[in-house]
Structures are given as C-alpha cells and as structure tokens.
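Comments concern the structure below.
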Amino acid sequence: MKSVAIYSLKGGVGKTTFAVNLAWCAAALSSRRTLLWDLDGQAAASFLLGGERKGSREAEAIVAREIKPAALIRRTEFQRLDLLPADRSLRTLDRVFLRLDRRKRLRKLLDTIGVDYDRIVLDCPPGLNETSDQILRAASLVVVPVMPSRLSYRALDEIAEHVDRERMGTVLMPVLNMIDRRRSNDKAALEEHPEWPSIPASSAIASMASHHAPVGDFAPRSPSALAFARLWSSIERRLSKGDAR
C-alpha cells in the first residue's frame with residue numbers, strides 16, 4: 001500500500017477536488033483498491049462522494065483507536081473506491097494527536113488499514129500543526145495544490161522549510177491548480193515552473209457537487225478530467241518506481 005496526501009498550509013487551493021479526482025483515478029484508471037480517507041472536519045470530500053455523516057462524531061475515535069476503521073468505511077458507487085468519511089469531531093483532531101503524544105500514530109493506522117488497499121488518498125485540513133506533522137511523516141507522497149499567486153508559493157515554501165527543519169523525509173509534489181492560459185499571471189506561473197504538473201480551470205469541476213462524482217465519471221473528455229488522469233499517471237509512476245517514501 002502507498003498513501004498520497006493532498007495537503008496545503010493554505011486553504012482554498014483545491015485540496016478536496018484533488019483528493020476526490022485522484023482517488024477515482026487510482027480506482028478507475030489504475031484498477032487499484034483505493035480508500036479515500038477524509039481527514040478534514042468540513043467533510044467536503046465525504047459530501048462529494050455521497051458519504052457525509054451528518055450529526056456523527058465518530059471519525060475522531062478512529063485516531064484514538066476507540067473505533068476500528070472498518071466500522072466506518074463505506075463503499076462508494078464507484079468500483080474499487082471506498083470512503084472513510086469525516087464528521088465534525090475532526091475539527092478537534094489536533095488536540096487528539098497532542099493528547100496521545102505519539103508521533104507515528106497516523107502512519108500506524110495507515111499500515112493497519114492498508115492491508116485491504118493498494119492506495120490510500122488523504123484529504124487533509126489546512127494549517128501547520130500536529131495533524132499536519134502526522135500527515136507529513138506518514139504519507140508516501142504529499143501532493144500540494146498551488147494557486148498561481150505569491151501567497152500560495154509562500155505557503156509551499158513554508159511547508160518545504162518545515163519538512164527540512166524537522167528532517168521528516170517527506171516527498172512533496174507541487175501541482176499548479178485552476179490555470180487559465182489566457183491570463184498573463186497563469187502563463188507566467190507555467191513558465192516559471194515548467195516541471196510542475198498543472199490542472200486547468202474548468203466548469204466541470206464546479207459541477208462535481210451537483211453530480212456527487214469526480215469529473216472523470218461524468219465528463220471524461222473534459223480538460224480537467226484529462227489533466228487529473230495525467231497527474232495520476234505521473235503519481236502512479238513515482239509510487240511504483242519508489243520515487244516516494
């Protein structure tokens with residue numbers, strides 16, 4: 001099993017969109033037994049896949065090992081793709097990790113859950129705290145969505161500096177998101193970082209909430225669906241070749 005975390009210090013950069021679409025690509029295009037683990041208390045990924053648990057406060061208990069993950073894992077309507085949904089309890093997840101004082105708790109949970117899966121995709125909350133440290137230590141690869149803005153670049157730099165300072169050995173993969181080649185700023189971002197993959201701005205992405213599905217399912221020939229497929233292919237190569245942790 002290999003795990004891919006979708007993480008950024010900054011909010012509003014498309015983490016959930018990435019998580020849902022890449023998890024679907026893993027299951028549908030690579031035929032991997034895939035779990036999408038929603039670790040964000042907003043539960044947006046759970047909502048998009050139809051697995052939102054309104055009123056529940058059990059997700060946090062998995063980390064505390066009060067509930068086994070299998071008790072909450074749900075099948076989605078997509079073949080080979082399961083969901084471990086979020087709920088409001090994850091809004092205090094940072095406190096749970098601090099209370100447990102076990103730096104590798106998430107990694108051990110991934111190892112346990114990974115017995116039944118080939119790929120686990122983590123939709124992560126923003127911020128730089130104990131939860132993010134658990135994620136950065138545990139994931140095989142961390143995909144960082146980056147908007148073409150200085151604030152977003154600054155957030156990426158801060159993550160990289162933190163990883164180096166703490167000697168985590170984390171493999172980061174920046175990806176430019178919501179790119180419109182007609183905008184001079186976006187074209188400049190592509191020219192400045194030609195080695196980074198990119199996802200175009202697309203109306204199909206905005207339709208995900210209506211369809212409760214990834215773009216590859218309802219708009220397979222859309223620019224965004226094709227871009228996510230290419231991105232997943234690049235991620236899969238890195239995971240398979242060992243160019244990850």
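By order in the structure tokens, chains are A, B, ...; within a chain, residues start at 1; ligands start at 1, following the order shown.
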message: List as a list in words the protein and nucleic acid residues near Val175 of chain A, meaning an atom at most 8 Å away when only C-alpha atoms are counted, but skip any in the same chain fewer than 3 places from it.
response: Val143, Val144, Pro145, Val146, Trp196, Pro197, Ser198 and Ile199 of chain A
query: Could you name the residues that touch segment 46-59 of chain A at 12 Å or less, counting only C-alpha atoms, but leaving out those on the same chain fewer than 4 positions away, as JSON, numbers by chain?
result: {"A": [16, 17, 18, 19, 20, 21, 23, 24, 35, 36, 37, 38, 39, 40, 41, 42, 63, 64, 65, 66, 67, 68, 69, 70, 71, 72, 73, 74, 75, 76, 77, 78, 81, 82, 83, 84, 85, 86, 87, 88, 89, 90, 91, 92, 93, 96, 122, 123, 205, 206, 207, 208, 209, 210, 211, 212, 213, 214, 215, 217]}
task: In Å, rounded to a single decimal, give me how far atom CA of Arg103 of chain A is from atom CA of Thr131 of chain A.
output: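 Answer for the atom CA of Thr131 of chain A to atom CA of Arg103 of chain A separation: 9.7 Å.
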- request: Please give the complete set of residues from segment 1-231 of chain A that DSSP, run on the backbone, assigns to strand (DSSP E), formatted as JSON, numbers by chain.
  value: {"A": [2, 3, 4, 5, 6, 34, 35, 36, 37, 38, 74, 75, 81, 82, 83, 84, 119, 120, 121, 122, 123, 141, 142, 143, 144, 145, 146, 172, 173, 174, 175, 176, 177, 178, 179, 198, 199, 200]}
For the residues in the current selection, export C-alpha atoms as a compact mmCIF listing (two decimals), in the first residue's frame.
# COMPACT_ATOMS: atom_id res chain seq x y z
CA LYS A 2 1.09 3.54 -0.81
CA SER A 3 -0.55 6.65 0.60
CA VAL A 4 -0.97 10.00 -1.13
CA ALA A 5 -1.82 13.05 0.99
CA ILE A 6 -3.41 16.11 -0.59
CA THR A 34 -8.47 2.58 -3.17
CA LEU A 35 -9.60 4.27 0.03
CA LEU A 36 -10.28 7.99 0.27
CA TRP A 37 -9.81 9.00 3.91
CA ASP A 38 -11.43 12.34 4.61
CA ARG A 74 -18.25 2.81 3.27
CA ARG A 75 -18.35 1.62 -0.29
CA LEU A 81 -13.27 3.08 -4.35
CA ASP A 82 -14.18 3.15 -0.64
CA LEU A 83 -14.60 6.15 1.65
CA LEU A 84 -13.65 6.71 5.28
CA ARG A 119 -3.70 3.11 -2.44
CA ILE A 120 -4.98 5.42 0.31
CA VAL A 121 -5.66 9.06 -0.59
CA LEU A 122 -5.89 11.53 2.31
CA ASP A 123 -7.93 14.71 2.04
CA LEU A 141 3.85 11.23 -1.27
CA VAL A 142 2.36 14.65 -0.47
CA VAL A 143 0.65 16.44 -3.36
CA VAL A 144 0.50 20.20 -2.75
CA PRO A 145 -2.03 22.15 -4.87
CA VAL A 146 -0.62 25.59 -5.63
CA LEU A 172 6.46 16.92 -1.87
CA MET A 173 4.84 17.20 -5.31
CA PRO A 174 3.62 20.73 -6.14
CA VAL A 175 0.82 20.99 -8.72
CA LEU A 176 -0.45 24.24 -10.22
CA ASN A 177 -4.22 24.45 -9.97
CA MET A 178 -7.00 26.43 -11.70
CA ILE A 179 -4.75 27.54 -14.53
CA SER A 198 -0.99 21.65 -13.81
CA ILE A 199 -4.76 21.40 -13.66
CA PRO A 200 -6.76 23.84 -15.81
field: Exercise: segment 104-117 of chain A partners within 7 Å, only C-alpha atoms, chain neighbours under 6 positions left out, as a list of chain:residue names
entry: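 That gives A:Met1, A:Arg33, A:Thr34, A:Leu35, A:Gln134, A:Ile135, A:Ala138.
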task: One decimal, Å: what's the distance from atom CA of Ala155 of chain A over to atom CA of Trp232 of chain A, could you say?
output: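 Atom-to-atom, atom CA of Ala155 of chain A to atom CA of Trp232 of chain A, that is 23.0 Å.
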- request: Could you find all residues in segment 34-158 of chain A that DSSP calls helix (DSSP H, G or I) from the backbone, and write them as a ChimeraX atom specification?
  value: /A:44-48,59-63,69-71,88-100,105-116,130-138,150-158
Shell of 12 Å around Arg182 of chain A, only C-alpha atoms, local chain residues under 5 positions omitted, as a ChimeraX atom specification: /A:187-188,190,200-201
Keeping N, CA and C atoms for every residue in the selection just given, could you write it to a file as a PDB file, in the first residue's frame?
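And here's selection11.pdb as it stands now:
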ATOM      1  N   LYS A 187       0.084  32.160 -17.188  1.00  0.00           N
ATOM      2  CA  LYS A 187       1.117  31.786 -18.167  1.00  0.00           C
ATOM      3  C   LYS A 187       2.511  31.950 -17.565  1.00  0.00           C
ATOM      4  N   ALA A 188       2.686  32.996 -16.787  1.00  0.00           N
ATOM      5  CA  ALA A 188       3.980  33.217 -16.143  1.00  0.00           C
ATOM      6  C   ALA A 188       4.283  32.102 -15.144  1.00  0.00           C
ATOM      7  N   LEU A 190       3.310  28.972 -15.311  1.00  0.00           N
ATOM      8  CA  LEU A 190       3.690  27.790 -16.079  1.00  0.00           C
ATOM      9  C   LEU A 190       5.127  27.898 -16.590  1.00  0.00           C
ATOM     10  N   PRO A 200      -6.142  22.621 -15.279  1.00  0.00           N
ATOM     11  CA  PRO A 200      -6.759  23.845 -15.806  1.00  0.00           C
ATOM     12  C   PRO A 200      -8.033  24.221 -15.065  1.00  0.00           C
ATOM     13  N   ALA A 201      -8.377  25.496 -15.113  1.00  0.00           N
ATOM     14  CA  ALA A 201      -9.683  25.937 -14.637  1.00  0.00           C
ATOM     15  C   ALA A 201     -10.738  25.316 -15.547  1.00  0.00           C
TER      16      ALA A 201
END
field: Neighbour list for Arg154 of chain A as a list in words, cut-off 10 Å, only C-alpha atoms, skip fewer than 5 positions in-chain
entry: Leu9, Lys10, Val146, Ser149, Ile159 and Ala160 of chain A
- request: Provide the atom CA of Pro148 of chain A to atom CA of Glu191 of chain A distance in Å, to one decimal place.
  value: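 Value for the atom CA of Pro148 of chain A-atom CA of Glu191 of chain A distance: 11.3 Å.
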message: Taking 5 positions as the minimum chain separation for residues in the same chain, which residues sit within 12 Å of His162 of chain A when counting only C-alpha atoms? Answer as a PyMOL selection string.
response: chain A and resi 9+128-129+132-133+136-137+155-157+167-170+172
Export of prior selection with N, CA and C atoms as a short mmCIF file (atom, residue, chain, number, x, y, z; two decimals), in the first residue's frame:
data_model
loop_
_atom_site.label_atom_id
_atom_site.label_comp_id
_atom_site.auth_asym_id
_atom_site.auth_seq_id
_atom_site.Cartn_x
_atom_site.Cartn_y
_atom_site.Cartn_z
N LEU A 9 -0.70 24.13 3.42
CA LEU A 9 -0.81 25.02 4.58
C LEU A 9 -1.97 25.99 4.37
N LEU A 128 -0.60 24.30 9.74
CA LEU A 128 0.67 23.68 10.11
C LEU A 128 0.63 23.45 11.61
N ASN A 129 0.38 22.20 12.00
CA ASN A 129 0.12 21.85 13.39
C ASN A 129 0.45 20.37 13.60
N SER A 132 -0.97 18.13 10.76
CA SER A 132 -0.18 18.17 9.53
C SER A 132 1.14 17.46 9.69
N ASP A 133 1.75 17.54 10.88
CA ASP A 133 3.00 16.82 11.11
C ASP A 133 2.79 15.31 11.01
N LEU A 136 2.52 14.61 7.27
CA LEU A 136 3.79 14.74 6.57
C LEU A 136 4.75 13.60 6.90
N ARG A 137 4.66 13.07 8.11
CA ARG A 137 5.50 11.93 8.48
C ARG A 137 5.01 10.62 7.88
N ALA A 155 3.22 29.65 0.93
CA ALA A 155 2.76 28.52 1.74
C ALA A 155 3.55 27.26 1.40
N LEU A 156 3.80 27.03 0.12
CA LEU A 156 4.60 25.88 -0.29
C LEU A 156 6.01 25.96 0.27
N ASP A 157 6.62 27.12 0.19
CA ASP A 157 7.97 27.30 0.72
C ASP A 157 8.01 27.00 2.22
N ARG A 167 13.42 17.32 9.52
CA ARG A 167 14.04 16.11 8.94
C ARG A 167 13.03 14.98 8.78
N MET A 168 11.91 15.31 8.17
CA MET A 168 10.82 14.34 8.02
C MET A 168 11.02 13.39 6.85
N GLY A 169 11.80 13.80 5.87
CA GLY A 169 12.00 12.96 4.70
C GLY A 169 10.78 12.90 3.79
N THR A 170 9.89 13.87 3.91
CA THR A 170 8.65 13.90 3.13
C THR A 170 8.94 14.25 1.68
N LEU A 172 7.49 15.97 -1.48
CA LEU A 172 6.46 16.92 -1.87
C LEU A 172 6.34 16.98 -3.39
#
query: Of the residues A:Arg80, A:Ala244, A:Pro125, A:Ala204, which is the one nearest to Gly11 of chain A, using only C-alpha atoms?
result: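 Looking only at the distances to Gly11 of chain A, the closest residue turns out to be A:Pro125.
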field: Counting only C-alpha atoms, the option among A:Glu192, A:Asp118, A:Glu130, A:Glu166 closest to Ala27 of chain A
entry: A:Asp118
